[in-house]
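**Student:** Handing over my_file-v9.cif, mmCIF, C-alpha atoms.
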data_my_file
#
loop_
_atom_site.label_atom_id
_atom_site.label_comp_id
_atom_site.auth_asym_id
_atom_site.auth_seq_id
_atom_site.Cartn_x
_atom_site.Cartn_y
_atom_site.Cartn_z
CA MET A 1 104.73 104.14 35.32
CA PHE A 2 105.58 100.88 33.54
CA LYS A 3 108.83 102.14 32.02
CA LYS A 4 111.04 99.79 34.06
CA PHE A 5 108.33 97.41 35.21
CA SER A 6 109.35 93.76 35.67
CA SER A 7 108.41 90.70 37.71
CA GLU A 8 110.68 91.94 40.51
CA ASP A 9 108.15 94.72 41.17
CA VAL A 10 105.46 92.15 42.05
CA SER A 11 104.88 92.00 45.81
CA SER A 12 102.09 89.44 46.07
CA GLN A 13 99.25 87.84 44.14
CA ASN A 14 95.92 86.60 45.48
CA GLN A 15 92.83 85.00 44.05
CA VAL A 16 90.01 87.30 45.14
CA LYS A 17 86.76 86.06 46.62
CA ALA A 18 83.44 86.28 44.82
CA SER A 19 82.30 89.54 46.47
CA VAL A 20 85.52 91.36 45.49
CA GLN A 21 85.26 89.94 41.98
CA ARG A 22 81.71 91.29 41.65
CA ARG A 23 82.85 94.70 42.84
CA ILE A 24 85.67 94.78 40.25
CA ARG A 25 83.26 93.71 37.47
CA GLN A 26 80.76 96.39 38.49
CA SER A 27 83.44 99.10 38.59
CA ILE A 28 84.70 98.15 35.12
CA ALA A 29 81.16 97.99 33.70
CA GLU A 30 80.36 101.48 35.04
CA GLU A 31 83.62 102.97 33.72
CA TYR A 32 83.44 101.29 30.28
CA PRO A 33 79.83 100.65 29.19
CA GLY A 34 81.08 99.49 25.79
CA LEU A 35 82.62 96.40 27.41
CA GLU A 36 79.39 95.22 29.02
CA PRO A 37 78.37 92.86 26.14
CA VAL A 38 81.73 91.05 26.29
CA LEU A 39 82.44 91.41 30.00
CA ASP A 40 81.34 87.85 30.74
CA ASP A 41 83.87 86.59 28.19
CA LEU A 42 86.72 88.76 29.53
CA LEU A 43 85.99 88.12 33.23
CA PRO A 44 84.20 84.75 33.44
CA LYS A 45 82.42 84.20 36.74
CA LYS A 46 83.79 80.67 37.13
CA ALA A 47 87.38 81.52 36.17
CA PRO A 48 89.68 82.58 39.03
CA LEU A 49 90.34 86.32 39.04
CA ILE A 50 93.79 87.16 40.42
CA VAL A 51 94.86 90.57 41.71
CA VAL A 52 98.62 91.13 41.60
CA LYS A 53 99.90 93.81 43.98
CA CYS A 54 103.02 95.64 42.84
CA GLN A 55 105.15 98.47 44.13
CA ASN A 56 103.91 102.08 44.18
CA HIS A 57 100.35 100.95 45.07
CA LEU A 58 99.83 99.41 41.63
CA ASN A 59 97.31 96.56 41.14
CA LEU A 60 96.98 94.28 38.12
CA VAL A 61 93.86 92.22 37.31
CA LEU A 62 94.70 88.90 35.66
CA VAL A 63 92.49 86.19 34.18
CA ASN A 64 94.16 83.00 33.00
CA SER A 65 97.60 84.61 33.48
CA VAL A 66 96.70 87.49 31.14
CA PRO A 67 96.79 91.07 32.52
CA LEU A 68 93.60 92.84 31.44
CA PHE A 69 93.22 95.87 33.73
CA PHE A 70 95.26 97.92 36.20
CA ASN A 71 94.67 100.69 38.69
CA ILE A 72 96.51 102.74 41.31
CA ARG A 73 95.31 102.60 44.90
CA ASP A 74 91.50 102.84 44.69
CA GLY A 75 91.46 104.72 41.39
CA PRO A 76 89.52 103.72 38.27
CA TYR A 77 90.48 100.55 36.41
CA MET A 78 92.22 101.09 33.07
CA PRO A 79 92.55 98.45 30.33
CA THR A 80 95.89 97.34 28.99
CA LEU A 81 96.88 98.45 25.50
CA ARG A 82 96.49 94.93 24.14
CA LEU A 83 92.88 94.86 25.35
CA LEU A 84 92.27 98.40 24.05
CA HIS A 85 93.50 97.38 20.59
CA GLN A 86 90.88 94.62 20.57
CA TYR A 87 88.10 96.99 21.67
CA PRO A 88 89.24 100.45 20.49
CA ASP A 89 85.93 102.27 21.14
CA ILE A 90 85.61 101.65 24.89
CA MET A 91 87.56 104.77 25.94
CA LYS A 92 87.41 108.47 25.12
CA LYS A 93 90.22 109.54 22.82
CA LEU A 94 92.72 112.38 22.65
CA GLN A 95 95.14 112.80 19.74
CA VAL A 96 98.71 114.16 19.76
CA ASP A 97 100.59 115.56 16.80
CA ARG A 98 103.43 113.77 15.02
CA GLY A 99 106.14 115.61 16.94
CA ALA A 100 104.94 114.25 20.28
CA ILE A 101 104.94 110.58 19.28
CA LYS A 102 108.60 109.87 20.10
CA PHE A 103 108.28 111.52 23.51
CA VAL A 104 105.13 109.58 24.40
CA LEU A 105 106.78 106.29 23.39
CA ALA A 106 109.70 107.21 25.68
CA GLY A 107 107.35 107.46 28.66
CA ALA A 108 106.93 111.25 28.82
CA ASN A 109 103.65 112.80 29.95
CA ILE A 110 101.51 114.51 27.32
CA MET A 111 101.87 118.30 27.33
CA CYS A 112 98.99 120.62 26.45
CA PRO A 113 100.65 122.04 23.26
CA GLY A 114 100.94 118.53 21.84
CA LEU A 115 97.14 118.22 22.02
CA THR A 116 96.18 121.71 20.84
CA SER A 117 98.65 122.16 17.98
CA PRO A 118 97.75 121.26 14.35
CA GLY A 119 97.52 117.47 14.17
CA GLY A 120 96.23 117.16 17.73
CA ALA A 121 92.59 116.63 18.66
CA LEU A 122 90.55 117.06 21.84
CA ASP A 123 87.16 115.77 22.94
CA ASP A 124 85.39 118.60 24.77
CA GLU A 125 83.42 116.09 26.87
CA VAL A 126 86.57 114.75 28.59
CA GLU A 127 86.71 115.85 32.21
CA ALA A 128 89.66 115.93 34.63
CA GLU A 129 90.85 112.66 36.21
CA THR A 130 89.45 110.52 33.40
CA PRO A 131 91.18 107.54 31.72
CA VAL A 132 91.68 108.24 28.00
CA ALA A 133 93.21 106.56 24.96
CA ILE A 134 96.10 108.51 23.43
CA MET A 135 95.97 108.39 19.64
CA ALA A 136 98.60 109.73 17.23
CA GLU A 137 98.29 111.74 14.07
CA GLY A 138 98.18 109.38 11.11
CA LYS A 139 98.09 106.21 13.23
CA GLN A 140 95.23 103.74 13.51
CA HIS A 141 95.73 102.28 17.00
CA ALA A 142 96.31 103.93 20.36
CA LEU A 143 99.94 104.34 21.41
CA ALA A 144 99.29 105.00 25.10
CA ILE A 145 96.73 105.13 27.88
CA GLY A 146 96.60 108.32 29.94
CA PHE A 147 94.89 109.90 32.92
CA THR A 148 93.84 113.52 32.45
CA LYS A 149 95.08 116.12 34.94
CA MET A 150 92.68 118.76 33.67
CA SER A 151 89.58 118.86 31.49
CA ALA A 152 89.75 119.27 27.71
CA LYS A 153 88.36 122.79 27.99
CA ASN A 154 91.08 123.79 30.44
CA ILE A 155 93.74 122.22 28.23
CA LYS A 156 92.61 124.50 25.39
CA ALA A 157 92.36 127.54 27.61
CA ILE A 158 95.64 127.12 29.53
CA ASN A 159 97.65 125.40 26.76
CA LYS A 160 100.64 125.03 29.07
CA GLY A 161 102.03 122.31 31.32
CA ILE A 162 101.12 118.64 31.62
CA GLY A 163 97.62 117.84 30.40
CA VAL A 164 97.62 114.02 30.62
CA ASP A 165 99.71 111.63 32.69
CA ASN A 166 101.20 108.80 30.63
CA MET A 167 100.16 105.60 32.45
CA HIS A 168 100.92 102.85 29.91
CA TYR A 169 102.46 103.05 26.45
CA LEU A 170 103.68 100.80 23.64
CA ASN A 171 106.77 98.70 24.39
CA ASP A 172 106.87 99.49 28.11
CA GLY A 173 107.20 96.90 30.86
CA LEU A 174 103.49 95.97 30.81
CA TRP A 175 103.35 95.67 27.02
CA LYS A 176 106.23 93.21 27.02
CA PRO A 177 105.82 89.73 28.58
CA ILE A 178 105.72 90.53 32.28
CA TYR A 179 107.10 87.42 33.89
CA GLN A 180 110.34 86.85 32.00
CA SER A 181 112.95 86.93 34.74
CA SER A 182 114.57 83.87 36.21
CA SER A 183 112.98 82.01 39.09
CA VAL A 184 112.68 83.85 42.38
CA THR A 185 113.18 82.17 45.75
CA ARG A 186 111.06 83.32 48.64
CA VAL A 187 111.50 81.89 52.08
CA GLY A 188 108.52 81.43 54.37
CA PHE A 189 108.47 80.68 58.08
CA LYS A 190 108.23 76.90 57.81
CA ARG A 191 108.76 76.16 54.14
CA LYS A 192 110.94 77.42 51.34
CA THR A 193 108.84 78.41 48.31
CA THR A 194 110.31 78.64 44.81
CA ILE A 195 108.21 80.71 42.40
CA GLN A 196 108.85 80.16 38.73
CA PRO A 197 107.40 83.00 36.59
CA ILE A 198 105.30 82.18 33.52
CA ASN A 199 105.34 84.33 30.38
CA SER A 200 102.12 86.25 29.79
CA ILE A 201 99.97 85.23 26.85
CA PRO A 202 98.98 87.65 24.03
CA PRO A 203 95.39 88.85 24.32
CA LYS A 204 94.53 87.38 20.92
CA GLN A 205 94.44 84.00 22.64
CA ILE A 206 92.00 85.14 25.35
CA SER A 207 89.00 83.56 23.61
CA THR A 208 90.89 80.28 23.28
CA LEU A 209 91.88 80.32 26.95
CA GLN A 210 88.26 80.65 28.11
CA ASN A 211 87.60 77.03 27.05
CA LYS A 212 90.72 75.70 28.77
CA LYS A 213 91.28 74.87 32.40
CA PRO A 214 92.48 78.05 34.17
CA SER A 215 96.18 78.10 34.95
CA PRO A 216 97.64 79.98 37.92
CA CYS A 217 99.63 83.17 37.52
CA PHE A 218 102.62 81.45 39.11
CA THR A 219 103.71 77.85 39.41
CA VAL A 220 104.61 77.15 43.04
CA HIS A 221 106.76 74.29 44.27
CA THR A 222 107.39 73.75 47.96
CA THR A 223 110.19 71.83 49.60
CA LYS A 224 110.81 71.03 53.24
CA ARG A 225 112.91 73.54 55.13
CA GLY A 226 116.19 72.59 56.76
CA ILE A 227 117.65 69.10 57.10
CA ASP A 228 116.50 66.03 58.99
CA LEU A 229 118.16 65.18 62.28
CA VAL A 230 120.24 62.02 62.24
CA ALA A 231 120.12 59.75 65.29
CA GLY A 232 123.41 59.13 67.06
CA GLY A 233 123.44 61.22 70.21
CA LYS A 234 125.47 64.29 70.99
CA SER A 235 128.00 65.42 68.40
CA LYS A 236 131.61 64.90 69.59
CA LYS A 237 133.05 67.48 67.23
CA SER A 238 134.87 70.26 69.04
CA LYS A 239 134.92 72.77 66.20
CA ARG A 240 132.29 74.42 64.09
CA THR A 241 131.63 73.18 60.57
CA ALA A 242 129.74 74.60 57.65
CA SER A 243 126.05 73.84 57.42
CA ARG A 244 125.08 70.94 55.19
CA SER A 245 122.10 72.94 53.92
CA ASP A 246 122.30 75.95 51.60
CA ASP A 247 118.78 77.06 52.51
CA ILE A 248 118.36 80.66 53.58
CA LEU A 249 116.62 80.53 56.93
CA PRO A 250 114.29 83.41 57.80
CA GLN A 251 115.16 85.67 60.69
CA THR A 252 111.85 86.34 62.41
CA PRO A 253 111.53 87.86 65.88
CA ARG A 254 111.68 85.28 68.69
CA GLN A 255 108.56 85.22 70.76
CA ALA A 256 109.34 85.56 74.45
CA LYS A 257 107.77 83.34 77.09
CA LEU A 258 105.35 86.14 77.91
CA THR A 259 104.84 88.60 75.06
CA SER A 260 103.08 91.82 75.94
CA LEU A 261 99.55 92.62 74.81
CA LEU A 262 98.56 95.84 73.09
CA SER A 263 94.93 96.95 73.12
CA PHE A 264 93.06 99.10 70.61
CA SER A 265 93.05 102.11 72.91
CA ARG A 266 96.85 102.23 73.18
CA LEU A 267 97.31 101.36 69.50
CA ILE A 268 95.06 104.22 68.37
CA GLN A 269 96.76 106.58 70.82
CA PHE A 270 100.27 105.75 69.57
CA MET A 271 99.28 105.90 65.87
CA LYS A 272 97.49 109.25 66.08
CA GLY A 273 98.73 111.44 63.22
CA LYS A 274 100.65 108.54 61.62
CA ASP A 275 98.03 107.30 59.15
CA ASP A 276 100.62 106.58 56.42
CA LYS A 277 102.78 104.32 58.61
CA ILE A 278 102.54 100.66 59.61
CA ALA A 279 102.34 99.78 63.30
CA VAL A 280 104.59 96.83 64.24
CA VAL A 281 103.78 94.93 67.45
CA VAL A 282 105.90 91.95 68.56
CA GLY A 283 103.01 90.54 70.51
CA THR A 284 99.22 90.26 70.40
CA VAL A 285 96.75 92.97 69.43
CA THR A 286 93.54 92.74 71.45
CA ASP A 287 90.12 94.35 71.15
CA ASP A 288 88.87 97.13 73.43
CA MET A 289 85.09 97.40 73.78
CA ARG A 290 85.41 100.97 75.05
CA ILE A 291 86.55 102.13 71.61
CA TYR A 292 83.55 102.72 69.35
CA GLU A 293 85.25 104.15 66.27
CA VAL A 294 88.31 102.41 64.87
CA PRO A 295 90.36 104.30 62.25
CA ALA A 296 91.84 102.57 59.19
CA LEU A 297 95.13 101.20 60.55
CA LYS A 298 97.88 99.08 59.04
CA VAL A 299 99.13 96.74 61.76
CA THR A 300 101.74 93.98 61.81
CA ALA A 301 101.64 91.64 64.82
CA LEU A 302 102.46 88.11 65.87
CA ARG A 303 98.80 87.49 66.58
CA PHE A 304 95.42 89.23 66.43
CA THR A 305 92.38 88.30 68.44
CA GLU A 306 89.40 87.40 66.29
CA THR A 307 87.40 90.51 67.13
CA ALA A 308 90.43 92.79 66.76
CA ARG A 309 91.19 91.52 63.27
CA ALA A 310 87.53 91.82 62.25
CA ARG A 311 87.25 95.43 63.48
CA ILE A 312 90.50 96.51 61.77
CA GLU A 313 89.49 95.04 58.41
CA LYS A 314 85.93 96.39 58.71
CA ALA A 315 87.32 99.91 59.20
CA GLY A 316 89.35 99.59 55.97
CA GLY A 317 92.66 98.73 57.63
CA GLU A 318 95.04 95.82 57.00
CA CYS A 319 96.51 93.10 59.20
CA PHE A 320 99.99 91.92 58.15
CA THR A 321 102.18 89.05 59.22
CA PHE A 322 105.92 89.63 59.60
CA ASP A 323 106.53 87.76 56.33
CA GLN A 324 104.19 90.15 54.51
CA LEU A 325 105.87 93.12 56.21
CA ALA A 326 109.27 91.92 54.95
CA LEU A 327 107.95 92.10 51.38
CA THR A 328 106.14 95.43 51.85
CA ALA A 329 108.90 97.25 53.76
CA PRO A 330 112.13 95.19 53.61
CA LEU A 331 114.16 97.99 55.22
CA GLY A 332 111.53 98.85 57.82
CA GLN A 333 110.66 102.16 56.20
CA ASN A 334 107.43 103.92 57.26
CA THR A 335 106.95 101.65 60.29
CA VAL A 336 106.39 102.39 63.99
CA LEU A 337 107.61 99.78 66.48
CA LEU A 338 105.23 99.53 69.45
CA ARG A 339 104.91 97.39 72.55
CA GLY A 340 102.42 96.93 75.35
CA PRO A 341 103.07 97.70 79.03
CA LYS A 342 106.13 95.66 79.97
CA ASN A 343 105.40 95.77 83.73
CA ALA A 344 101.81 94.60 83.57
CA ARG A 345 102.63 90.96 84.45
CA GLU A 346 101.58 89.53 87.79
CA ALA A 347 105.19 88.56 88.56
CA VAL A 348 106.34 92.20 88.43
CA LYS A 349 104.11 93.03 91.39
CA HIS A 350 106.30 90.80 93.57
CA PHE A 351 109.53 92.60 92.62
CA GLY A 352 111.10 95.18 94.94
CA PRO A 353 111.78 95.51 98.69
CA ALA A 354 110.52 92.73 100.91
CA PRO A 355 106.83 92.96 101.74
CA GLY A 356 106.19 94.54 105.13
CA VAL A 357 109.28 96.73 105.36
CA PRO A 358 108.72 100.52 105.52
CA HIS A 359 107.72 102.21 102.25
CA SER A 360 107.44 98.84 100.47
CA HIS A 361 104.63 98.35 97.97
CA THR A 362 105.72 94.86 96.94
CA LYS A 363 102.93 92.32 96.79
CA PRO A 364 103.56 89.24 99.00
CA TYR A 365 103.30 85.76 97.54
CA VAL A 366 101.20 84.67 100.55
CA PRO A 367 98.43 87.13 101.41
CA LEU A 368 98.52 88.37 105.00
CA GLU A 369 95.14 87.61 106.54
CA GLY A 370 96.03 89.05 109.94
CA LYS A 371 98.87 89.66 112.37
CA GLU A 372 99.68 86.83 114.74
CA VAL A 373 99.75 87.76 118.41
#
Transcribe the structure of this file into structure tokens.
**Tutor:**
Amino acid sequence: MFKKFSSEDVSSQNQVKASVQRRIRQSIAEEYPGLEPVLDDLLPKKAPLIVVKCQNHLNLVLVNSVPLFFNIRDGPYMPTLRLLHQYPDIMKKLQVDRGAIKFVLAGANIMCPGLTSPGGALDDEVEAETPVAIMAEGKQHALAIGFTKMSAKNIKAINKGIGVDNMHYLNDGLWKPIYQSSSVTRVGFKRKTTIQPINSIPPKQISTLQNKKPSPCFTVHTTKRGIDLVAGGKSKKSKRTASRSDDILPQTPRQAKLTSLLSFSRLIQFMKGKDDKIAVVVGTVTDDMRIYEVPALKVTALRFTETARARIEKAGGECFTFDQLALTAPLGQNTVLLRGPKNAREAVKHFGPAPGVPHSHTKPYVPLEGKEV
């Protein structure tokens, strides 16, 4: 998973609110009871907890710029190897033989024969879909963190195929300093933002960092977009010249004078059977009181009404801006472009044959109150 991981795989990073932070702490405490005595030191309540979203639905939990845990989608949180080496007894352990070490350190999944052969060891209490520490024959510390595909009893009985998925191993992209690449330039709608990555800090310094002022995961500098206009009237130049600014201006969709509205009822109708795609609306998404159950939708729009946004997020969906969509799906993959009724404007009712002529349904601009005699 982290074989070629780098800072370019990072999509966004956000400081979570207190309720989300409590939910993360509770999930970690339930999964790893051995961490409960030191959980307040690892995840201080007053220190900002940052969740970094990466590609392939990967999430990293950082405190003071140090990655401590990771998970995939809504799966269980798993500690990093550096944290596991500090607290080696928090996870259940499986051991591979000497012949499997080089394959595990190359990123390969752990096969059943590597766990059942002489030199391997299994814990019969390990169930399927459980985070485990992968130990090696003759080694003191764990060389990888895995996620079991079958229980230990089934691994012994079947003794064939992949038994444990290799999630994180020594010297992979997460073990190395994560943010080593050169500065990345991201362009927003009104400002150009330059993000300069910061090298991660070894976990041995975690206790020292708790007494220091928390530092952000990224250092952000903003500069004004474009160039200032110079007074002097209309330009008399008759030919085009190169721009005096090297800034990359974003190309966002232009909002028309009257953008169409799209209600919940139409949105749900169009997205039926497309749960894994993102709906894109160049307009406003509005609420519909006639809809009682709202499915979990991923919607990108120019604007959401307050109730529409609240109902989407309450149902487990997500509301994106076009800037966030450009980072999530830069090529527009897995998206559905939608629009509201284009002929629903009042002006369209006045288009067509003149009012009063045979077979005309055009609405007159002046209502006819009666025929003059």
**Student:** Using Å and a single decimal, report how far CA of Ser12 in chain A sits from CA of Met91 in chain A.
**Tutor:**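 CA of Ser12 in chain A lies 29.2 Å from CA of Met91 in chain A.
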**Student:** Residues near range 339-346 of chain A, anyone? I mean within 7 Å using all atoms listed in the file, not counting same-chain ones fewer than 3 positions away, as a PyMOL selection string.
**Tutor:** chain A and resi 260-262+281-282+349
**Student:** Pull out every residue that the PyMOL selection byres ((chain A and resi 115-125) around 7) matches in the shown coordinates and put them as a list in words.
**Tutor:** Lys93, Leu94, Gln95, Val96, Asp97, Cys112, Pro113, Gly114, Val126, Glu127, Glu137, Ala152, Lys153 and Lys156 of chain A
**Student:** Compute the distance from (86.2, 102.2, 36.1) to each atom, counting only C-alpha atoms, keep the residues with any atom at most 8 Å away, and return them as number ranges by chain; use the coordinates of the file.
**Tutor:** A: 27-32, 75-78
**Student:** The selected residues should be written to file as a PDB file, keeping the file's coordinate frame (atoms: C-alpha atoms).
**Tutor:**
ATOM      1  CA  SER A  27      83.440  99.100  38.590  1.00  0.00           C
ATOM      2  CA  ILE A  28      84.700  98.150  35.120  1.00  0.00           C
ATOM      3  CA  ALA A  29      81.160  97.990  33.700  1.00  0.00           C
ATOM      4  CA  GLU A  30      80.360 101.480  35.040  1.00  0.00           C
ATOM      5  CA  GLU A  31      83.620 102.970  33.720  1.00  0.00           C
ATOM      6  CA  TYR A  32      83.440 101.290  30.280  1.00  0.00           C
ATOM      7  CA  GLY A  75      91.460 104.720  41.390  1.00  0.00           C
ATOM      8  CA  PRO A  76      89.520 103.720  38.270  1.00  0.00           C
ATOM      9  CA  TYR A  77      90.480 100.550  36.410  1.00  0.00           C
ATOM     10  CA  MET A  78      92.220 101.090  33.070  1.00  0.00           C
TER      11      MET A  78
END
**Student:** Listed atoms of range 138-143 of chain A, axis-aligned box, 6 Å per side: centre and edge lengths to one decimal in Å, as lines of an AutoDock Vina configuration file?
**Tutor:**
center_x = 97.6
center_y = 105.8
center_z = 16.3
size_x = 16.7
size_y = 19.1
size_z = 22.3
**Student:** Hey, can you check how far CA of Val20 in chain A sits from CA of Ala329 in chain A?
**Tutor:**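 So the two atoms, CA of Val20 in chain A and CA of Ala329 in chain A, lie 25.5 Å apart.
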**Student:** So which residues get picked by the PyMOL selection byres ((chain A and resi 2) around 10) here, written as an NGL selection string?
**Tutor:** :A and (1 or 3-6 or 107 or 166-169 or 171-175)
**Student:** Give me the result of the PyMOL selection byres ((chain A and resi 322) around 8) on this file, residue by residue, as a PyMOL selection string.
**Tutor:** chain A and resi 252+300-302+320-321+323-326
**Student:** Just how far from CA of Met135 in chain A is CA of Asp40 in chain A, in Å to one decimal?
**Tutor:**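 We find that CA of Asp40 in chain A and CA of Met135 in chain A lie 27.6 Å from each other.
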**Student:** Name all residues at most 7 Å from Asp288 in chain A (count only C-alpha atoms; drop same-chain ones fewer than 4 positions away) and give them as a CSV table (one decimal) with C-alpha atoms, keeping the file's coordinate frame.
**Tutor:**
chain,number,residue,atom,x,y,z
A,263,SER,CA,94.9,97.0,73.1
A,264,PHE,CA,93.1,99.1,70.6
A,265,SER,CA,93.0,102.1,72.9
**Student:** Looking at all atoms listed in the file, which of A:Asp165, A:Asp41, A:Glu129, A:Asp276 is the one that sits closest to Ile145 in chain A?
**Tutor:** A:Asp165
